[in-house]
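Raw run.txt, compact mmCIF, C-alpha atoms (C1' of nucleotides):
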# COMPACT_ATOMS: atom_id res chain seq x y z
CA MET S 1 -53.74 8.62 99.56
CA VAL S 2 -51.63 11.09 97.78
CA GLU S 3 -53.78 14.13 97.35
CA GLN S 4 -51.51 16.44 95.50
CA GLN S 5 -52.58 19.62 93.89
CA THR S 6 -53.15 18.76 90.28
CA ALA S 7 -50.18 20.44 88.75
CA ASP S 8 -50.19 21.47 85.14
CA LEU S 9 -48.51 18.49 83.61
CA THR S 10 -47.27 20.22 80.49
CA PRO S 11 -44.39 22.10 82.12
CA VAL S 12 -43.65 19.07 84.28
CA PHE S 13 -43.28 16.64 81.41
CA HIS S 14 -41.46 19.28 79.45
CA ALA S 15 -38.98 19.70 82.28
CA LEU S 16 -38.50 15.95 82.43
CA GLY S 17 -37.83 15.76 78.70
CA ASP S 18 -34.21 16.71 79.10
CA THR S 19 -31.35 14.57 80.35
CA THR S 20 -29.63 17.45 82.10
CA ARG S 21 -32.71 18.25 84.12
CA ARG S 22 -33.41 14.63 84.93
CA GLY S 23 -29.81 14.36 86.06
CA MET S 24 -30.30 17.33 88.33
CA LEU S 25 -33.36 15.72 89.84
CA GLY S 26 -31.30 12.62 90.42
CA ALA S 27 -28.77 14.67 92.32
CA LEU S 28 -31.51 16.33 94.32
CA ALA S 29 -32.86 12.91 95.23
CA VAL S 30 -29.67 12.37 97.18
CA GLY S 31 -30.05 15.62 99.02
CA ALA S 32 -30.22 19.38 98.77
CA ARG S 33 -27.82 21.00 96.35
CA THR S 34 -26.72 24.50 95.55
CA VAL S 35 -26.96 25.82 92.02
CA GLY S 36 -23.22 25.42 91.62
CA GLN S 37 -23.31 21.83 92.85
CA LEU S 38 -26.16 21.02 90.50
CA ALA S 39 -24.32 22.58 87.61
CA ALA S 40 -20.93 21.01 88.27
CA PRO S 41 -21.41 17.62 86.58
CA PHE S 42 -22.52 19.15 83.31
CA GLU S 43 -20.30 20.56 80.66
CA MET S 44 -22.04 23.83 80.18
CA SER S 45 -21.83 27.31 81.55
CA LEU S 46 -23.24 28.10 84.95
CA ALA S 47 -25.74 30.39 83.29
CA ALA S 48 -27.03 27.55 81.14
CA ALA S 49 -27.40 25.28 84.15
CA SER S 50 -29.12 28.10 85.97
CA LYS S 51 -31.68 28.21 83.18
CA HIS S 52 -32.33 24.49 83.53
CA ILE S 53 -32.82 24.95 87.23
CA LYS S 54 -35.29 27.70 86.54
CA VAL S 55 -37.23 25.40 84.25
CA LEU S 56 -37.40 22.83 87.02
CA GLU S 57 -38.43 25.51 89.47
CA LYS S 58 -41.21 26.86 87.27
CA ALA S 59 -42.50 23.34 86.82
CA GLY S 60 -42.69 23.18 90.59
CA LEU S 61 -40.20 20.37 90.78
CA ILE S 62 -37.74 22.15 93.02
CA ARG S 63 -37.84 24.80 95.69
CA ARG S 64 -35.10 27.30 96.24
CA GLU S 65 -33.86 28.71 99.51
CA VAL S 66 -31.52 31.65 99.19
CA ARG S 67 -29.02 31.50 101.98
CA GLY S 68 -26.45 34.19 101.71
CA ARG S 69 -24.99 33.99 98.26
CA SER S 70 -25.87 30.34 97.89
CA HIS S 71 -29.14 29.15 96.43
CA ILE S 72 -30.03 25.84 97.97
CA CYS S 73 -32.36 23.70 95.87
CA ARG S 74 -34.56 20.94 97.20
CA LEU S 75 -36.72 18.44 95.43
CA ASP S 76 -40.45 19.09 95.49
CA PRO S 77 -42.00 15.74 94.65
CA GLY S 78 -45.55 16.98 94.22
CA PRO S 79 -45.51 17.40 90.44
CA LEU S 80 -43.65 14.12 90.10
CA ALA S 81 -46.48 12.49 91.98
CA SER S 82 -48.98 14.09 89.62
CA ALA S 83 -47.08 12.86 86.60
CA HIS S 84 -46.80 9.42 88.12
CA GLU S 85 -50.48 9.37 88.80
CA TRP S 86 -51.28 10.47 85.26
CA LEU S 87 -49.18 7.62 83.91
CA SER S 88 -50.83 5.18 86.29
CA PHE S 89 -54.00 5.48 84.28
CA TYR S 90 -52.23 3.60 81.50
CA GLU S 91 -50.84 0.99 83.82
CA ARG S 92 -53.42 -1.57 82.77
CA PHE S 93 -52.03 -1.41 79.25
CA TRP S 94 -48.64 -2.72 80.20
CA THR S 95 -49.59 -5.02 83.01
CA GLY S 96 -51.12 -8.18 81.73
CA ARG S 97 -54.34 -7.27 83.37
CA LEU S 98 -56.56 -6.25 80.54
CA ASP S 99 -59.75 -7.44 82.04
CA ALA S 100 -62.97 -8.03 80.22
CA LEU S 101 -64.22 -4.51 80.58
CA ASP S 102 -61.07 -2.98 79.22
CA ARG S 103 -60.97 -5.37 76.35
CA LEU S 104 -64.57 -4.69 75.53
CA LEU S 105 -64.03 -0.96 75.56
CA ARG S 106 -60.93 -1.11 73.45
CA GLU S 107 -62.17 -3.44 70.76
CA GLU S 108 -65.59 -1.95 70.64
CA ALA S 109 -64.38 1.55 70.06
CA GLY S 110 -61.60 0.59 67.77
CA LYS S 111 -63.16 -1.83 65.38
CA HIS S 112 -66.81 -1.27 64.70
CA PRO S 113 -67.52 2.13 63.21
CA PRO S 114 -71.18 2.52 64.18
CA ALA S 115 -70.92 2.07 67.91
CA PRO S 116 -74.28 0.76 69.05
CA GLN S 117 -74.09 1.81 72.68
CA THR S 118 -73.13 5.12 74.19
CA GLY S 119 -69.77 4.77 72.60
CA ASP S 120 -69.46 7.91 70.63
CA GLU S 121 -65.88 8.55 69.70
CA THR S 122 -65.02 12.13 69.97
CA MET Z 26 -39.44 -6.08 87.91
CA VAL Z 27 -39.16 -8.14 84.84
CA GLU Z 28 -37.25 -6.74 81.93
CA GLN Z 29 -38.08 -3.35 80.58
CA GLN Z 30 -36.98 -2.13 77.23
CA THR Z 31 -34.70 0.73 78.07
CA ALA Z 32 -36.54 3.34 76.13
CA ASP Z 33 -34.89 6.69 75.76
CA LEU Z 34 -36.97 8.73 78.10
CA THR Z 35 -36.18 12.07 76.54
CA PRO Z 36 -38.46 11.72 73.50
CA VAL Z 37 -41.06 10.05 75.67
CA PHE Z 38 -41.30 12.86 78.20
CA HIS Z 39 -41.03 15.36 75.41
CA ALA Z 40 -43.98 13.76 73.66
CA LEU Z 41 -45.95 13.86 76.88
CA GLY Z 42 -45.23 17.53 77.39
CA ASP Z 43 -48.02 18.62 75.09
CA THR Z 44 -51.74 18.61 75.80
CA THR Z 45 -52.69 17.69 72.26
CA ARG Z 46 -50.51 14.59 72.34
CA ARG Z 47 -51.68 13.61 75.80
CA GLY Z 48 -55.21 13.98 74.51
CA MET Z 49 -54.44 11.69 71.64
CA LEU Z 50 -53.07 9.10 74.02
CA GLY Z 51 -56.28 9.39 75.98
CA ALA Z 52 -58.25 8.64 72.85
CA LEU Z 53 -56.01 5.70 72.08
CA ALA Z 54 -56.59 4.35 75.55
CA VAL Z 55 -60.18 3.80 74.54
CA GLY Z 56 -59.22 1.97 71.40
CA ALA Z 57 -57.45 2.09 68.09
CA ARG Z 58 -57.92 5.25 66.07
CA THR Z 59 -57.13 6.40 62.59
CA VAL Z 60 -55.12 9.55 62.03
CA GLY Z 61 -58.26 11.38 61.06
CA GLN Z 62 -60.10 10.23 64.15
CA LEU Z 63 -57.21 11.27 66.34
CA ALA Z 64 -57.05 14.66 64.68
CA ALA Z 65 -60.79 15.38 64.73
CA PRO Z 66 -61.16 16.76 68.28
CA PHE Z 67 -58.43 19.33 67.84
CA GLU Z 68 -58.77 22.61 66.10
CA MET Z 69 -55.80 22.37 63.87
CA SER Z 70 -55.02 21.18 60.39
CA LEU Z 71 -54.73 17.51 59.67
CA ALA Z 72 -51.09 18.04 58.79
CA ALA Z 73 -50.41 19.51 62.22
CA ALA Z 74 -52.11 16.60 63.93
CA SER Z 75 -50.17 14.25 61.72
CA LYS Z 76 -46.98 15.79 63.04
CA HIS Z 77 -48.09 15.23 66.61
CA ILE Z 78 -48.83 11.63 65.79
CA LYS Z 79 -45.38 11.27 64.31
CA VAL Z 80 -43.85 12.62 67.50
CA LEU Z 81 -45.77 10.03 69.47
CA GLU Z 82 -44.72 7.36 67.03
CA LYS Z 83 -41.04 8.25 67.19
CA ALA Z 84 -41.22 8.18 70.96
CA GLY Z 85 -42.49 4.63 70.60
CA LEU Z 86 -45.80 5.48 72.19
CA ILE Z 87 -47.96 4.39 69.30
CA ARG Z 88 -47.75 1.86 66.51
CA ARG Z 89 -49.22 2.42 63.11
CA GLU Z 90 -50.89 -0.08 60.84
CA VAL Z 91 -51.52 1.12 57.33
CA ARG Z 92 -54.70 -0.46 56.07
CA GLY Z 93 -55.65 0.79 52.68
CA ARG Z 94 -55.70 4.54 52.84
CA SER Z 95 -56.32 4.54 56.58
CA HIS Z 96 -53.53 4.60 59.12
CA ILE Z 97 -54.69 2.84 62.25
CA CYS Z 98 -52.86 3.89 65.40
CA ARG Z 99 -52.63 1.83 68.54
CA LEU Z 100 -51.18 2.61 71.92
CA ASP Z 101 -47.84 1.05 72.74
CA PRO Z 102 -47.61 1.26 76.49
CA GLY Z 103 -43.96 0.20 76.78
CA PRO Z 104 -42.45 3.69 76.96
CA LEU Z 105 -45.21 4.78 79.32
CA ALA Z 106 -44.20 1.94 81.59
CA SER Z 107 -40.58 3.07 81.42
CA ALA Z 108 -41.54 6.62 82.29
CA HIS Z 109 -43.73 5.38 85.10
CA GLU Z 110 -40.93 3.28 86.44
CA TRP Z 111 -38.50 6.18 86.26
CA LEU Z 112 -40.90 8.28 88.28
CA SER Z 113 -41.42 5.47 90.75
CA PHE Z 114 -37.92 6.01 92.02
CA TYR Z 115 -39.09 9.29 93.48
CA GLU Z 116 -42.19 7.79 94.99
CA ARG Z 117 -40.68 7.71 98.45
CA PHE Z 118 -40.39 11.49 98.33
CA TRP Z 119 -44.11 12.04 98.13
CA THR Z 120 -45.31 9.10 100.17
CA GLY Z 121 -43.73 10.78 103.15
CA ARG Z 122 -42.18 7.50 104.05
CA LEU Z 123 -38.49 8.25 104.33
CA ASP Z 124 -37.48 5.19 106.25
CA ALA Z 125 -34.06 4.05 107.27
CA LEU Z 126 -33.29 2.51 103.93
CA ASP Z 127 -34.17 5.66 102.09
CA ARG Z 128 -32.14 7.72 104.47
CA LEU Z 129 -29.25 5.39 103.94
CA LEU Z 130 -29.56 5.70 100.22
CA ARG Z 131 -29.79 9.44 100.39
CA GLU Z 132 -26.79 9.93 102.62
CA GLU Z 133 -24.73 7.18 101.10
CA ALA Z 134 -25.14 9.08 97.86
CA GLY Z 135 -23.85 7.03 95.00
CA LYS Z 136 -26.48 5.95 92.66
CA HIS Z 137 -29.18 7.78 90.87
CA PRO Z 138 -31.99 5.78 89.44
CA PRO Z 139 -32.53 5.03 85.81
CA ALA Z 140 -31.46 8.25 84.25
CA PRO Z 141 -28.48 10.32 85.07
CA GLN Z 142 -25.23 9.18 83.65
CA THR Z 143 -23.37 12.36 84.14
CA GLY Z 144 -21.48 11.60 87.25
CA ASP Z 145 -22.26 12.57 90.76
CA GLU Z 146 -20.64 14.25 93.60
CA THR Z 147 -20.59 14.65 97.33
C1' DC H 2 -11.45 47.73 101.93
C1' DA H 3 -10.26 44.58 98.02
C1' DG H 4 -11.02 40.52 95.94
C1' DA H 5 -12.91 36.06 95.38
C1' DT H 6 -17.33 33.48 95.26
C1' DA H 7 -22.19 32.42 93.94
C1' DC H 8 -25.38 33.55 91.16
C1' DT H 9 -28.68 36.20 88.04
C1' DC H 10 -29.68 38.95 84.07
C1' DA H 11 -29.56 40.68 79.34
C1' DA H 12 -28.31 40.16 74.71
C1' DC H 13 -27.32 37.32 70.99
C1' DT H 14 -27.34 32.92 68.04
C1' DA H 15 -28.76 28.53 66.25
C1' DT H 16 -32.02 25.00 66.50
C1' DT H 17 -36.36 23.04 67.42
C1' DC H 18 -41.44 23.36 67.84
C1' DG H 19 -46.08 24.04 66.61
C1' DG H 20 -48.66 25.66 63.33
C1' DT H 21 -50.01 26.97 58.43
C1' DT H 22 -50.81 26.15 53.26
C1' DG H 23 -50.37 23.86 48.86
C1' DA H 24 -49.08 19.98 46.30
C1' DC H 25 -48.76 15.13 45.97
C1' DT H 26 -49.71 9.87 46.55
C1' DA H 27 -52.62 6.28 47.32
C1' DT H 28 -56.98 4.17 47.98
C1' DC H 29 -61.85 3.58 47.71
C1' DC H 30 -66.26 4.20 45.27
C1' DT H 31 -69.29 4.84 41.46
C1' DA G 1 -62.01 6.65 34.21
C1' DG G 2 -63.11 10.21 37.46
C1' DG G 3 -63.77 12.00 41.85
C1' DA G 4 -63.95 11.88 46.76
C1' DT G 5 -61.27 10.36 50.86
C1' DA G 6 -57.05 9.64 53.92
C1' DG G 7 -52.89 11.01 54.73
C1' DT G 8 -47.98 12.54 53.92
C1' DC G 9 -44.52 15.88 52.49
C1' DA G 10 -42.14 20.20 51.76
C1' DA G 11 -41.74 24.95 52.42
C1' DC G 12 -42.49 28.53 55.26
C1' DC G 13 -43.35 31.36 59.63
C1' DG G 14 -43.22 32.93 64.53
C1' DA G 15 -42.23 31.65 69.04
C1' DA G 16 -39.80 29.03 72.30
C1' DT G 17 -35.33 26.28 73.59
C1' DA G 18 -30.74 25.66 74.67
C1' DG G 19 -26.63 27.34 74.56
C1' DT G 20 -23.05 31.22 74.66
C1' DT G 21 -20.68 35.56 76.59
C1' DG G 22 -20.34 39.69 79.27
C1' DA G 23 -21.85 42.49 82.83
C1' DG G 24 -24.01 43.22 87.30
C1' DT G 25 -25.43 42.12 92.29
C1' DA G 26 -24.79 40.32 96.61
C1' DT G 27 -22.12 37.98 99.91
C1' DC G 28 -18.28 36.05 102.15
C1' DT G 29 -13.28 36.34 103.40
C1' DG G 30 -8.64 38.01 104.29
Encoded form (structure tokens):
Amino acid sequence: MVEQQTADLTPVFHALGDTTRRGMLGALAVGARTVGQLAAPFEMSLAAASKHIKVLEKAGLIRREVRGRSHICRLDPGPLASAHEWLSFYERFWTGRLDALDRLLREEAGKHPPAPQTGDET
Amino acid sequence: MVEQQTADLTPVFHALGDTTRRGMLGALAVGARTVGQLAAPFEMSLAAASKHIKVLEKAGLIRREVRGRSHICRLDPGPLASAHEWLSFYERFWTGRLDALDRLLREEAGKHPPAPQTGDET
DNA sequence: CAGATACTCAACTATTCGGTTGACTATCCT
DNA sequence: AGGATAGTCAACCGAATAGTTGAGTATCTG
């Protein structure tokens, strides 16, 4: 099983909520990249790209190895795994498999105001 | 895997990058909820919660049915599925299973998964 | 050494975000 | 009709984003 440290998902999802940063992750999926290489495809200053990289780094999505004057960035998939796992909870809602228990829970809690069982909506 | 509506992932991930909104999704996973019910657990004004709900709605994560004076919100898992699928591309990086095919992909460069459109290099 | 290269950092700007409050609309209930 | 209930909307505020430019710090190279 994937036993990742439960990363704080807020900075992770926040980092993912930007096309530039997702593009950078896509590049890093191919292999390690320097800051300059990561920045190259984007029409913005190096400083701006550097900020994006820092956002990814603080979210734990990349690791940086300073080698001489070059900063080599590598993908750290841990937080991605956490995010993926968080989303997996909702998987049953888009797969057809809403089994009886799920259906019961959903309709029970949603429809009838005075839930008879333990179902206290909070 | 079937056809997925190509949701714009930026608003989706952005919506997920907030604990309040993730909490609301958690409540909606149990069943449909009115705006007031969604807002109740959080210590903020109803208007603030209403804004969060609107963010979720614009990201396509919830649907709203106005019934009388109550707005009933339901989970729409489509964008969650898209986000999950996007993350799945990186699954091989945390499963530790970098087999020959992966290696080929990585060194052959070329294609990023379902996100970056901003060119690539190397 | 001088100069190019690879970055970061600080300051500044404009926009967005998350929250507030007050006013308003619409619906439900006597 | 009148009042409580459910929720939105607009204006406002402070903090965070996303970008810029200019300067500074190492590091490599000739």
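Excluding DT21 (chain G) and any residue on its chain fewer than 2 positions from it, the residues at most 10 Å away by all atoms listed in the file are Ser45 and Ala47 of chain S; DA12 and DC13 of chain H; DA23 of chain G.
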Would you save the residues of that selection, restricted to C-alpha atoms (C1' of nucleotides), as a short mmCIF file (atom, residue, chain, number, x, y, z; two decimals), in the coordinates of the input?
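Once written, part_33.cif looks like this:
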data_model
loop_
_atom_site.label_atom_id
_atom_site.label_comp_id
_atom_site.auth_asym_id
_atom_site.auth_seq_id
_atom_site.Cartn_x
_atom_site.Cartn_y
_atom_site.Cartn_z
CA SER S 45 -21.83 27.31 81.55
CA ALA S 47 -25.74 30.39 83.29
"C1'" DA H 12 -28.31 40.16 74.71
"C1'" DC H 13 -27.32 37.32 70.99
"C1'" DA G 23 -21.85 42.49 82.83
#
Which chain S residues have any atom within 9 Å of an atom of chain G, and for each, what is the nearest pair of atoms with distance in Å to one decimal, counting only C-alpha atoms (C1' of nucleotides), rows sorted by chain and number, as CSV?
residue,atom,partner,partner_atom,distance
S:Met44,CA,G:DG19,C1',8.1
S:Ser45,CA,G:DT20,C1',8.0
S:Ala48,CA,G:DG19,C1',6.6
S:Lys51,CA,G:DA18,C1',8.9
S:Gly68,CA,G:DT27,C1',6.0
S:Arg69,CA,G:DT27,C1',5.2
S:Ser70,CA,G:DT27,C1',8.7
Å distance separating CA of Arg58 (chain Z) from CA of Asp8 (chain S), one decimal place: 26.2 Å
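For the pair CA of Arg22 (chain S) and CA of Pro79 (chain S), the interatomic distance is 13.6 Å.
Residue nearest chain H, chosen from S:His71, S:Lys54, S:Arg63, S:His14 and counting all atoms listed in the file: S:His71.
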Residue list for chain H near chain S as a list in words, 9 Å, only C-alpha atoms (C1' of nucleotides): DT6, DA7, DC8 and DT9 of chain H
With C-alpha atoms (C1' of nucleotides) kept, could you save the residues just selected as a PDB file, in the coordinates of the input?
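Done, and the output landed in selection.pdb:
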ATOM      1  C1'  DT H   6     -17.330  33.480  95.260  1.00  0.00           C
ATOM      2  C1'  DA H   7     -22.190  32.420  93.940  1.00  0.00           C
ATOM      3  C1'  DC H   8     -25.380  33.550  91.160  1.00  0.00           C
ATOM      4  C1'  DT H   9     -28.680  36.200  88.040  1.00  0.00           C
TER       5       DT H   9
END
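One distance worth recording is that between C1' of DT14 (chain H) and CA of Thr35 (chain Z), which is 24.2 Å.
Using all atoms listed in the file, the protein and nucleic acid residues lying no more than 7 Å from Ala57 (chain Z), apart from those fewer than 3 places from it along its own chain, are Gly110 of chain S; Leu53, Ile97, Cys98 and Arg99 of chain Z.
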Restrict the selected residues to C-alpha atoms and save them as a PDB file, in the frame of the given file.
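File produced: part22.pdb:
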ATOM      1  CA  GLY S 110     -61.600   0.590  67.770  1.00  0.00           C
TER       2      GLY S 110
ATOM      3  CA  LEU Z  53     -56.010   5.700  72.080  1.00  0.00           C
ATOM      4  CA  ILE Z  97     -54.690   2.840  62.250  1.00  0.00           C
ATOM      5  CA  CYS Z  98     -52.860   3.890  65.400  1.00  0.00           C
ATOM      6  CA  ARG Z  99     -52.630   1.830  68.540  1.00  0.00           C
TER       7      ARG Z  99
END
Using only C-alpha atoms, find each residue of region 13-94 of chain S with at least one atom at most 7 Å away from an atom of region 107-113 of chain Z; report its shortest atom-to-atom pair and that distance in Å (one decimal), sort the rows by chain and rising residue number, and return the result as a tab-separated table.
residue	atom	partner	partner_atom	distance
S:Leu80	CA	Z:Leu112	CA	6.7
S:His84	CA	Z:His109	CA	5.9
S:Leu87	CA	Z:His109	CA	6.0
Where's the centre, and what are the edge lengths in Å to one decimal, of a box along x, y and z enclosing all listed atoms of region 34-46 of chain S padded 3 Å per side, as AutoDock Vina command-line options?
--center_x -23.6 --center_y 22.9 --center_z 87.9 --size_x 12.7 --size_y 16.5 --size_z 21.4
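Among Z:Met49, Z:Val55, Z:Ala84, Z:Ala40, the residue with the shortest atom-to-atom distance to chain S, counting only C-alpha atoms, is Z:Val55.
The residue that comes closest to chain S, out of Z:Gly56, Z:Gly48, Z:Gly121, Z:Arg92 and on the basis of all atoms listed in the file, is Z:Gly56.
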Within 9 Å of Leu81 (chain Z) using only C-alpha atoms (C1' of nucleotides), minus same-chain residues under 5 positions, as number ranges by chain: Z: 36-37, 40-41, 46, 50, 76, 86-88
